[in-house]
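Visitor: Dropping in structure.cif, which is mmCIF, N, CA and C atoms and all ligand atoms:
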data_work
loop_
_atom_site.label_atom_id
_atom_site.label_comp_id
_atom_site.auth_asym_id
_atom_site.auth_seq_id
_atom_site.Cartn_x
_atom_site.Cartn_y
_atom_site.Cartn_z
N MET A 1 213.11 34.37 -28.26
CA MET A 1 212.21 35.52 -28.49
C MET A 1 211.09 35.16 -29.46
N THR A 2 209.87 35.24 -29.02
CA THR A 2 208.74 35.01 -29.91
C THR A 2 208.49 36.30 -30.70
N PRO A 3 207.81 36.20 -31.85
CA PRO A 3 207.51 37.43 -32.62
C PRO A 3 206.74 38.45 -31.78
N GLN A 4 205.85 37.97 -30.89
CA GLN A 4 205.11 38.91 -30.05
C GLN A 4 206.05 39.71 -29.15
N ARG A 5 207.01 38.99 -28.55
CA ARG A 5 207.95 39.69 -27.67
C ARG A 5 208.72 40.74 -28.43
N LEU A 6 209.12 40.37 -29.66
CA LEU A 6 209.87 41.32 -30.47
C LEU A 6 209.02 42.53 -30.79
N ALA A 7 207.76 42.31 -31.14
CA ALA A 7 206.87 43.42 -31.48
C ALA A 7 206.68 44.33 -30.27
N ILE A 8 206.58 43.73 -29.09
CA ILE A 8 206.39 44.53 -27.87
C ILE A 8 207.64 45.34 -27.57
N LEU A 9 208.79 44.69 -27.67
CA LEU A 9 210.04 45.42 -27.42
C LEU A 9 210.22 46.53 -28.45
N ASP A 10 209.81 46.23 -29.70
CA ASP A 10 209.92 47.23 -30.75
C ASP A 10 209.08 48.46 -30.41
N ALA A 11 207.88 48.22 -29.88
CA ALA A 11 207.00 49.33 -29.50
C ALA A 11 207.64 50.16 -28.38
N LEU A 12 208.42 49.48 -27.54
CA LEU A 12 209.00 50.17 -26.38
C LEU A 12 210.30 50.88 -26.70
N LEU A 13 211.02 50.33 -27.69
CA LEU A 13 212.39 50.81 -27.86
C LEU A 13 212.49 52.10 -28.66
N ARG A 14 211.38 52.51 -29.25
CA ARG A 14 211.44 53.80 -29.92
C ARG A 14 211.73 54.87 -28.89
N PRO A 15 212.56 55.83 -29.27
CA PRO A 15 213.00 56.80 -28.27
C PRO A 15 211.82 57.54 -27.65
N ASP A 16 211.94 57.78 -26.37
CA ASP A 16 210.95 58.57 -25.65
C ASP A 16 209.56 57.98 -25.63
N ARG A 17 209.46 56.65 -25.79
CA ARG A 17 208.15 56.05 -25.67
C ARG A 17 208.03 55.39 -24.32
N HIS A 18 206.93 55.63 -23.68
CA HIS A 18 206.66 54.97 -22.41
C HIS A 18 205.22 54.53 -22.44
N PRO A 19 204.92 53.55 -23.31
CA PRO A 19 203.52 53.22 -23.55
C PRO A 19 202.87 52.51 -22.37
N THR A 20 201.55 52.61 -22.30
CA THR A 20 200.77 51.78 -21.39
C THR A 20 200.59 50.42 -22.07
N ALA A 21 200.10 49.43 -21.32
CA ALA A 21 199.88 48.11 -21.90
C ALA A 21 198.91 48.20 -23.08
N ASP A 22 197.90 49.07 -22.98
CA ASP A 22 196.94 49.22 -24.07
C ASP A 22 197.59 49.81 -25.32
N GLU A 23 198.50 50.75 -25.12
CA GLU A 23 199.19 51.32 -26.27
C GLU A 23 200.11 50.30 -26.92
N ILE A 24 200.74 49.45 -26.10
CA ILE A 24 201.57 48.36 -26.65
C ILE A 24 200.69 47.43 -27.49
N TYR A 25 199.52 47.11 -26.93
CA TYR A 25 198.58 46.24 -27.64
C TYR A 25 198.22 46.82 -29.01
N THR A 26 197.90 48.11 -29.05
CA THR A 26 197.57 48.78 -30.32
C THR A 26 198.72 48.67 -31.31
N ASP A 27 199.95 48.90 -30.82
CA ASP A 27 201.13 48.81 -31.69
C ASP A 27 201.35 47.40 -32.22
N VAL A 28 201.22 46.41 -31.33
CA VAL A 28 201.47 45.02 -31.72
C VAL A 28 200.43 44.58 -32.75
N ARG A 29 199.18 45.01 -32.57
CA ARG A 29 198.11 44.66 -33.51
C ARG A 29 198.39 45.16 -34.91
N ARG A 30 199.09 46.26 -35.01
CA ARG A 30 199.41 46.82 -36.31
C ARG A 30 200.33 45.86 -37.08
N VAL A 31 201.26 45.22 -36.36
CA VAL A 31 202.21 44.31 -36.99
C VAL A 31 201.64 42.91 -37.08
N SER A 32 200.90 42.53 -36.06
CA SER A 32 200.44 41.16 -35.95
C SER A 32 198.98 41.18 -35.47
N PRO A 33 198.05 41.36 -36.43
CA PRO A 33 196.64 41.65 -36.13
C PRO A 33 195.90 40.56 -35.37
N THR A 34 196.47 39.34 -35.32
CA THR A 34 195.74 38.26 -34.66
C THR A 34 196.12 38.12 -33.19
N THR A 35 197.11 38.87 -32.73
CA THR A 35 197.54 38.76 -31.34
C THR A 35 196.45 39.26 -30.40
N SER A 36 196.17 38.46 -29.37
CA SER A 36 195.11 38.85 -28.43
C SER A 36 195.66 39.77 -27.36
N ARG A 37 194.74 40.50 -26.74
CA ARG A 37 195.11 41.40 -25.65
C ARG A 37 195.76 40.60 -24.50
N ALA A 38 195.19 39.39 -24.22
CA ALA A 38 195.72 38.56 -23.13
C ALA A 38 197.18 38.19 -23.40
N THR A 39 197.50 37.85 -24.66
CA THR A 39 198.88 37.50 -25.01
C THR A 39 199.81 38.67 -24.77
N VAL A 40 199.36 39.86 -25.19
CA VAL A 40 200.20 41.04 -25.01
C VAL A 40 200.43 41.30 -23.52
N TYR A 41 199.37 41.24 -22.73
CA TYR A 41 199.51 41.49 -21.29
C TYR A 41 200.42 40.46 -20.64
N LYS A 42 200.25 39.17 -21.05
CA LYS A 42 201.09 38.11 -20.48
C LYS A 42 202.54 38.32 -20.86
N THR A 43 202.77 38.70 -22.12
CA THR A 43 204.14 38.90 -22.59
C THR A 43 204.79 40.08 -21.87
N VAL A 44 204.00 41.14 -21.65
CA VAL A 44 204.53 42.29 -20.91
C VAL A 44 204.97 41.85 -19.51
N GLU A 45 204.14 41.01 -18.86
CA GLU A 45 204.49 40.50 -17.52
C GLU A 45 205.79 39.69 -17.58
N THR A 46 205.89 38.81 -18.60
CA THR A 46 207.09 37.97 -18.73
C THR A 46 208.32 38.84 -18.93
N LEU A 47 208.22 39.83 -19.81
CA LEU A 47 209.38 40.70 -20.08
C LEU A 47 209.76 41.48 -18.83
N LYS A 48 208.75 41.80 -18.02
CA LYS A 48 209.03 42.51 -16.77
C LYS A 48 209.83 41.59 -15.82
N THR A 49 209.37 40.34 -15.73
CA THR A 49 210.06 39.37 -14.88
C THR A 49 211.49 39.13 -15.35
N LEU A 50 211.67 39.11 -16.68
CA LEU A 50 213.00 38.88 -17.23
C LEU A 50 213.91 40.10 -17.11
N GLY A 51 213.33 41.21 -16.67
CA GLY A 51 214.13 42.42 -16.53
C GLY A 51 214.36 43.16 -17.85
N GLU A 52 213.55 42.84 -18.87
CA GLU A 52 213.71 43.51 -20.17
C GLU A 52 212.99 44.85 -20.20
N LEU A 53 211.99 44.99 -19.35
CA LEU A 53 211.31 46.27 -19.29
C LEU A 53 210.95 46.56 -17.86
N ARG A 54 210.73 47.81 -17.58
CA ARG A 54 210.29 48.11 -16.24
C ARG A 54 209.02 48.94 -16.23
N GLU A 55 208.27 48.69 -15.15
CA GLU A 55 206.98 49.32 -15.01
C GLU A 55 207.18 50.64 -14.29
N LEU A 56 206.58 51.69 -14.81
CA LEU A 56 206.68 53.00 -14.17
C LEU A 56 205.32 53.36 -13.61
N ASP A 57 205.24 53.56 -12.33
CA ASP A 57 204.02 54.08 -11.75
C ASP A 57 204.23 55.58 -11.60
N LEU A 58 203.60 56.34 -12.48
CA LEU A 58 203.85 57.78 -12.51
C LEU A 58 202.72 58.54 -11.83
N GLY A 59 201.91 57.81 -11.08
CA GLY A 59 200.82 58.46 -10.37
C GLY A 59 199.68 58.88 -11.28
N LEU A 60 199.63 58.29 -12.49
CA LEU A 60 198.59 58.67 -13.45
C LEU A 60 197.44 57.65 -13.44
N GLY A 61 197.53 56.68 -12.56
CA GLY A 61 196.45 55.70 -12.45
C GLY A 61 196.58 54.55 -13.43
N ARG A 62 197.68 54.49 -14.18
CA ARG A 62 197.91 53.35 -15.05
C ARG A 62 199.42 53.18 -15.20
N ALA A 63 199.83 51.93 -15.45
CA ALA A 63 201.26 51.67 -15.55
C ALA A 63 201.77 52.02 -16.93
N HIS A 64 202.93 52.65 -17.00
CA HIS A 64 203.63 52.87 -18.24
C HIS A 64 204.84 51.96 -18.24
N TYR A 65 205.30 51.59 -19.43
CA TYR A 65 206.46 50.70 -19.51
C TYR A 65 207.61 51.36 -20.23
N ASP A 66 208.79 51.03 -19.75
CA ASP A 66 210.01 51.59 -20.31
C ASP A 66 210.94 50.42 -20.58
N ALA A 67 211.54 50.39 -21.78
CA ALA A 67 212.55 49.37 -22.04
C ALA A 67 213.70 49.64 -21.09
N VAL A 68 214.25 48.57 -20.53
CA VAL A 68 215.31 48.79 -19.55
C VAL A 68 216.54 49.36 -20.24
N ASP A 69 216.91 50.49 -19.74
CA ASP A 69 217.98 51.28 -20.32
C ASP A 69 219.16 51.13 -19.36
N PRO A 70 220.34 50.81 -19.90
CA PRO A 70 221.48 50.65 -19.00
C PRO A 70 221.77 51.93 -18.22
N SER A 71 221.45 53.07 -18.80
CA SER A 71 221.68 54.29 -18.05
C SER A 71 220.37 54.76 -17.43
N ALA A 72 220.35 54.83 -16.12
CA ALA A 72 219.15 55.28 -15.41
C ALA A 72 218.85 56.71 -15.81
N HIS A 73 217.57 57.02 -15.94
CA HIS A 73 217.22 58.38 -16.32
C HIS A 73 215.91 58.80 -15.67
N PRO A 74 215.82 60.08 -15.33
CA PRO A 74 214.56 60.60 -14.80
C PRO A 74 213.54 60.82 -15.92
N HIS A 75 212.31 61.10 -15.54
CA HIS A 75 211.24 61.34 -16.50
C HIS A 75 210.56 62.67 -16.23
N VAL A 76 210.02 63.26 -17.29
CA VAL A 76 209.10 64.38 -17.14
C VAL A 76 207.71 63.88 -17.53
N VAL A 77 206.73 64.25 -16.74
CA VAL A 77 205.37 63.75 -16.92
C VAL A 77 204.42 64.94 -17.09
N CYS A 78 203.61 64.91 -18.15
CA CYS A 78 202.63 65.98 -18.35
C CYS A 78 201.39 65.67 -17.50
N VAL A 79 201.04 66.60 -16.62
CA VAL A 79 199.92 66.35 -15.72
C VAL A 79 198.58 66.48 -16.45
N ARG A 80 198.62 67.06 -17.66
CA ARG A 80 197.37 67.27 -18.38
C ARG A 80 197.05 66.09 -19.29
N CYS A 81 198.01 65.68 -20.15
CA CYS A 81 197.71 64.62 -21.12
C CYS A 81 198.40 63.30 -20.80
N GLY A 82 199.32 63.30 -19.83
CA GLY A 82 199.96 62.06 -19.44
C GLY A 82 201.16 61.67 -20.28
N LYS A 83 201.61 62.55 -21.17
CA LYS A 83 202.82 62.27 -21.96
C LYS A 83 204.02 62.12 -21.03
N VAL A 84 204.85 61.13 -21.33
CA VAL A 84 206.04 60.87 -20.53
C VAL A 84 207.27 60.94 -21.41
N ASP A 85 208.24 61.72 -21.05
CA ASP A 85 209.49 61.81 -21.79
C ASP A 85 210.67 61.48 -20.88
N ASP A 86 211.75 61.00 -21.50
CA ASP A 86 213.01 60.87 -20.76
C ASP A 86 213.59 62.26 -20.61
N VAL A 87 214.28 62.46 -19.52
CA VAL A 87 215.03 63.70 -19.40
C VAL A 87 216.44 63.34 -18.95
N ARG A 88 217.38 63.74 -19.79
CA ARG A 88 218.79 63.39 -19.51
C ARG A 88 219.44 64.54 -18.76
N ILE A 89 219.85 64.26 -17.55
CA ILE A 89 220.50 65.28 -16.75
C ILE A 89 221.89 64.78 -16.41
N LYS A 90 222.88 65.60 -16.63
CA LYS A 90 224.26 65.20 -16.35
C LYS A 90 224.45 64.78 -14.90
N GLY A 91 223.83 65.53 -13.98
CA GLY A 91 224.07 65.28 -12.57
C GLY A 91 223.40 64.04 -12.01
N PHE A 92 222.56 63.35 -12.82
CA PHE A 92 221.77 62.25 -12.27
C PHE A 92 222.65 61.09 -11.79
N ASP A 93 223.67 60.75 -12.59
CA ASP A 93 224.58 59.68 -12.19
C ASP A 93 225.28 60.01 -10.87
N ARG A 94 225.65 61.28 -10.73
CA ARG A 94 226.29 61.70 -9.49
C ARG A 94 225.35 61.58 -8.31
N LEU A 95 224.08 61.94 -8.57
CA LEU A 95 223.07 61.84 -7.52
C LEU A 95 222.95 60.38 -7.04
N LEU A 96 222.94 59.44 -7.99
CA LEU A 96 222.84 58.02 -7.63
C LEU A 96 224.05 57.59 -6.81
N GLU A 97 225.22 58.03 -7.24
CA GLU A 97 226.46 57.73 -6.52
C GLU A 97 226.38 58.21 -5.08
N GLU A 98 225.92 59.45 -4.95
CA GLU A 98 225.84 60.04 -3.62
C GLU A 98 224.85 59.32 -2.75
N ALA A 99 223.71 58.90 -3.34
CA ALA A 99 222.71 58.16 -2.59
C ALA A 99 223.31 56.85 -2.09
N ARG A 100 224.10 56.20 -2.97
CA ARG A 100 224.77 54.94 -2.60
C ARG A 100 225.73 55.17 -1.45
N ARG A 101 226.47 56.24 -1.54
CA ARG A 101 227.46 56.52 -0.50
C ARG A 101 226.80 56.90 0.81
N ALA A 102 225.71 57.67 0.72
CA ALA A 102 225.10 58.22 1.91
C ALA A 102 224.22 57.21 2.65
N SER A 103 223.90 56.09 1.99
CA SER A 103 222.98 55.14 2.59
C SER A 103 223.71 53.85 2.92
N ASP A 104 223.25 53.14 3.97
CA ASP A 104 223.83 51.83 4.24
C ASP A 104 222.96 50.74 3.62
N PHE A 105 222.00 51.14 2.77
CA PHE A 105 221.19 50.16 2.04
C PHE A 105 221.97 49.68 0.81
N VAL A 106 221.64 48.47 0.36
CA VAL A 106 222.10 48.06 -0.96
C VAL A 106 221.03 48.53 -1.93
N LEU A 107 221.29 49.56 -2.70
CA LEU A 107 220.28 50.16 -3.55
C LEU A 107 220.11 49.37 -4.84
N GLU A 108 218.86 49.13 -5.22
CA GLU A 108 218.59 48.31 -6.40
C GLU A 108 217.97 49.08 -7.55
N SER A 109 217.20 50.07 -7.26
CA SER A 109 216.59 50.83 -8.34
C SER A 109 216.29 52.23 -7.84
N GLU A 110 215.85 53.06 -8.74
CA GLU A 110 215.61 54.44 -8.38
C GLU A 110 214.59 55.00 -9.35
N ARG A 111 213.91 56.06 -8.93
CA ARG A 111 213.03 56.76 -9.86
C ARG A 111 212.97 58.22 -9.48
N LEU A 112 212.93 59.03 -10.50
CA LEU A 112 212.82 60.46 -10.29
C LEU A 112 211.93 61.00 -11.39
N GLU A 113 210.87 61.68 -10.99
CA GLU A 113 209.95 62.23 -11.97
C GLU A 113 209.71 63.71 -11.71
N PHE A 114 209.63 64.44 -12.78
CA PHE A 114 209.25 65.84 -12.71
C PHE A 114 207.88 65.97 -13.36
N PHE A 115 207.03 66.82 -12.80
CA PHE A 115 205.68 66.97 -13.33
C PHE A 115 205.46 68.38 -13.86
N GLY A 116 204.74 68.47 -14.94
CA GLY A 116 204.46 69.78 -15.51
C GLY A 116 203.58 69.64 -16.73
N ARG A 117 203.72 70.56 -17.68
CA ARG A 117 202.91 70.49 -18.89
C ARG A 117 203.81 70.40 -20.11
N CYS A 118 203.47 69.50 -21.02
CA CYS A 118 204.26 69.30 -22.24
C CYS A 118 204.03 70.48 -23.19
N PRO A 119 204.90 70.65 -24.20
CA PRO A 119 204.76 71.79 -25.12
C PRO A 119 203.37 71.87 -25.76
N ALA A 120 202.80 70.73 -26.16
CA ALA A 120 201.49 70.74 -26.81
C ALA A 120 200.43 71.28 -25.86
N CYS A 121 200.51 70.89 -24.59
CA CYS A 121 199.50 71.34 -23.62
C CYS A 121 199.71 72.81 -23.28
N VAL A 122 200.95 73.26 -23.24
CA VAL A 122 201.22 74.67 -22.99
C VAL A 122 200.67 75.50 -24.16
N ALA A 123 200.90 75.03 -25.40
CA ALA A 123 200.40 75.75 -26.58
C ALA A 123 198.87 75.81 -26.57
N LEU A 124 198.26 74.72 -26.15
CA LEU A 124 196.80 74.65 -26.10
C LEU A 124 196.24 75.67 -25.09
N LEU A 125 196.98 75.82 -23.98
CA LEU A 125 196.51 76.74 -22.94
C LEU A 125 196.63 78.19 -23.38
N SER A 126 197.71 78.50 -24.14
CA SER A 126 197.87 79.90 -24.55
C SER A 126 197.04 80.20 -25.80
N ASN A 127 196.67 79.17 -26.56
CA ASN A 127 195.80 79.36 -27.74
C ASN A 127 194.64 78.39 -27.68
N PRO A 128 193.69 78.61 -26.78
CA PRO A 128 192.59 77.64 -26.68
C PRO A 128 191.81 77.57 -27.98
N PRO A 129 191.41 76.36 -28.40
CA PRO A 129 190.66 76.23 -29.64
C PRO A 129 189.33 77.00 -29.55
N LEU A 130 188.92 77.62 -30.63
CA LEU A 130 187.64 78.33 -30.64
C LEU A 130 186.52 77.30 -30.63
N SER A 131 185.54 77.53 -29.78
CA SER A 131 184.46 76.54 -29.71
C SER A 131 183.14 77.14 -30.16
ZN ZN A 201 200.55 67.30 -22.32
ZN ZN A 202 212.35 56.41 -19.85
#
Let me see whether you can do it: turn the structure in this file into structure tokens.

Guide:
Amino acid sequence: MTPQRLAILDALLRPDRHPTADEIYTDVRRVSPTTSRATVYKTVETLKTLGELRELDLGLGRAHYDAVDPSAHPHVVCVRCGKVDDVRIKGFDRLLEEARRASDFVLESERLEFFGRCPACVALLSNPPLS
């Protein structure tokens, strides 16, 4: 593990963080100001190949990254600001089991996303700032 890799994983492992590559870059620069954007992007690719993180395409036009979590989990995505949170649902493991049973495929991964508005965006809508 190089210090850059550690800094990137550190940025990812904070709970409920699903940063974009640019956000990872900003975080890594805080710890290690000389790291280049190219190094961060290359390291993100390497960690993806190694299976340490996974890329989430949430339909927002940019990739978000999630540290690989042994327990699969769905996400909630804010359609207004793009905030991504984990959502822990008891039935999700059962759903995966059932998908495995119901399909003759060898299933390798899964994704489930819910879309809506985060609390901050809901608050903003009910109390629009005075302009
Ligand atoms: Zn939002
Ligand atoms: Zn997640």

Visitor: Can you tell me which residues sit at most 8 Å away from ligand ZN 202 (chain A), counting only C-alpha atoms and all ligand atoms, written as an NGL selection string?

Guide: :A and (16-18 or 66-67 or 69 or 73-75 or 84-87)

Visitor: List as CSV every residue of chain A that is in contact with ligand ZN 201 (chain A), defined as an atom at most 6 Å from one of its atoms (using only N, CA and C atoms and all ligand atoms), together with the nearest atom pair and the distance in Å rounded to one decimal, sorted by chain and then rising number.

Guide:
residue,atom,partner,partner_atom,distance
A:Cys78,CA,A:ZN201,ZN,4.7
A:Val79,N,A:ZN201,ZN,5.8
A:Arg80,C,A:ZN201,ZN,4.8
A:Cys81,N,A:ZN201,ZN,3.7
A:Gly82,N,A:ZN201,ZN,4.9
A:Lys83,N,A:ZN201,ZN,5.0
A:Arg117,C,A:ZN201,ZN,5.0
A:Cys118,N,A:ZN201,ZN,3.9
A:Pro119,N,A:ZN201,ZN,5.8
A:Ala120,C,A:ZN201,ZN,5.3
A:Cys121,N,A:ZN201,ZN,4.2

Visitor: What does the structure give for the distance between atom C of A:Asp27 and atom CA of A:Thr46, in Å to one decimal?

Guide: 17.4 Å

Visitor: Write down as an MDAnalysis selection string the residues of chain A whose backbone DSSP state falls under strand (DSSP E).

Guide: chainID A and resid 53:57 63:67 75:78 84:86 113:116

Visitor: Give the answer as one residue: which of A:Thr35, A:Thr26, A:Thr20, A:Ser103 has the shortest atom-to-atom distance to A:Gln4, using only N, CA and C atoms?

Guide: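 Of A:Thr35, A:Thr26, A:Thr20, A:Ser103, the one nearest A:Gln4, counting only N, CA and C atoms, is A:Thr35.
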
Visitor: To one decimal in Å, tell me the separation between atom N of A:Arg62 and atom N of A:Ser126.

Guide: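 Between these atoms lies a distance of 26.0 Å.
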
Visitor: Which neighbours of A:Ile8 fall inside 8 Å, counting all atoms listed in the file, when residues of the same chain fewer than 5 positions from it are skipped, and could you give them as a ChimeraX atom specification?

Guide: /A:2-3,13,24-25,27-28,40,43-44

Visitor: Could you save those same residues with N, CA and C atoms as a PDB file, keeping the file's coordinate frame?

Guide:
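In the end it all went to part-v9.pdb:
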ATOM      1  N   THR A   2     209.870  35.240 -29.020  1.00  0.00           N
ATOM      2  CA  THR A   2     208.740  35.010 -29.910  1.00  0.00           C
ATOM      3  C   THR A   2     208.490  36.300 -30.700  1.00  0.00           C
ATOM      4  N   PRO A   3     207.810  36.200 -31.850  1.00  0.00           N
ATOM      5  CA  PRO A   3     207.510  37.430 -32.620  1.00  0.00           C
ATOM      6  C   PRO A   3     206.740  38.450 -31.780  1.00  0.00           C
ATOM      7  N   LEU A  13     211.020  50.330 -27.690  1.00  0.00           N
ATOM      8  CA  LEU A  13     212.390  50.810 -27.860  1.00  0.00           C
ATOM      9  C   LEU A  13     212.490  52.100 -28.660  1.00  0.00           C
ATOM     10  N   ILE A  24     200.740  49.450 -26.100  1.00  0.00           N
ATOM     11  CA  ILE A  24     201.570  48.360 -26.650  1.00  0.00           C
ATOM     12  C   ILE A  24     200.690  47.430 -27.490  1.00  0.00           C
ATOM     13  N   TYR A  25     199.520  47.110 -26.930  1.00  0.00           N
ATOM     14  CA  TYR A  25     198.580  46.240 -27.640  1.00  0.00           C
ATOM     15  C   TYR A  25     198.220  46.820 -29.010  1.00  0.00           C
ATOM     16  N   ASP A  27     199.950  48.900 -30.820  1.00  0.00           N
ATOM     17  CA  ASP A  27     201.130  48.810 -31.690  1.00  0.00           C
ATOM     18  C   ASP A  27     201.350  47.400 -32.220  1.00  0.00           C
ATOM     19  N   VAL A  28     201.220  46.410 -31.330  1.00  0.00           N
ATOM     20  CA  VAL A  28     201.470  45.020 -31.720  1.00  0.00           C
ATOM     21  C   VAL A  28     200.430  44.580 -32.750  1.00  0.00           C
ATOM     22  N   VAL A  40     199.360  39.860 -25.190  1.00  0.00           N
ATOM     23  CA  VAL A  40     200.200  41.040 -25.010  1.00  0.00           C
ATOM     24  C   VAL A  40     200.430  41.300 -23.520  1.00  0.00           C
ATOM     25  N   THR A  43     202.770  38.700 -22.120  1.00  0.00           N
ATOM     26  CA  THR A  43     204.140  38.900 -22.590  1.00  0.00           C
ATOM     27  C   THR A  43     204.790  40.080 -21.870  1.00  0.00           C
ATOM     28  N   VAL A  44     204.000  41.140 -21.650  1.00  0.00           N
ATOM     29  CA  VAL A  44     204.530  42.290 -20.910  1.00  0.00           C
ATOM     30  C   VAL A  44     204.970  41.850 -19.510  1.00  0.00           C
TER      31      VAL A  44
END

Visitor: I'd like to know which of A:Leu6, A:Ala21, A:Val122, A:Leu12 is closest to A:Ala63, using all atoms listed in the file.

Guide: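 Ranked by minimum distance to A:Ala63, first place goes to A:Ala21.
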
Visitor: Quick one: pull the distance between atom CA of A:Arg30 and atom CA of A:Ala7, Å, one decimal.

Guide: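 The value is 9.5 Å.
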
Visitor: Give the helix (DSSP H, G or I) residues of chain A, as assigned by DSSP on the backbone, as an MDAnalysis selection string.

Guide: chainID A and resid 3:13 21:31 37:49 92:102 119:126

Visitor: Point out the residue among A:Arg101, A:His64, A:Lys90, A:Arg54 with the least atom-to-atom distance to A:Pro19, counting all atoms listed in the file.

Guide: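 Smallest distance to A:Pro19 is found for A:His64.
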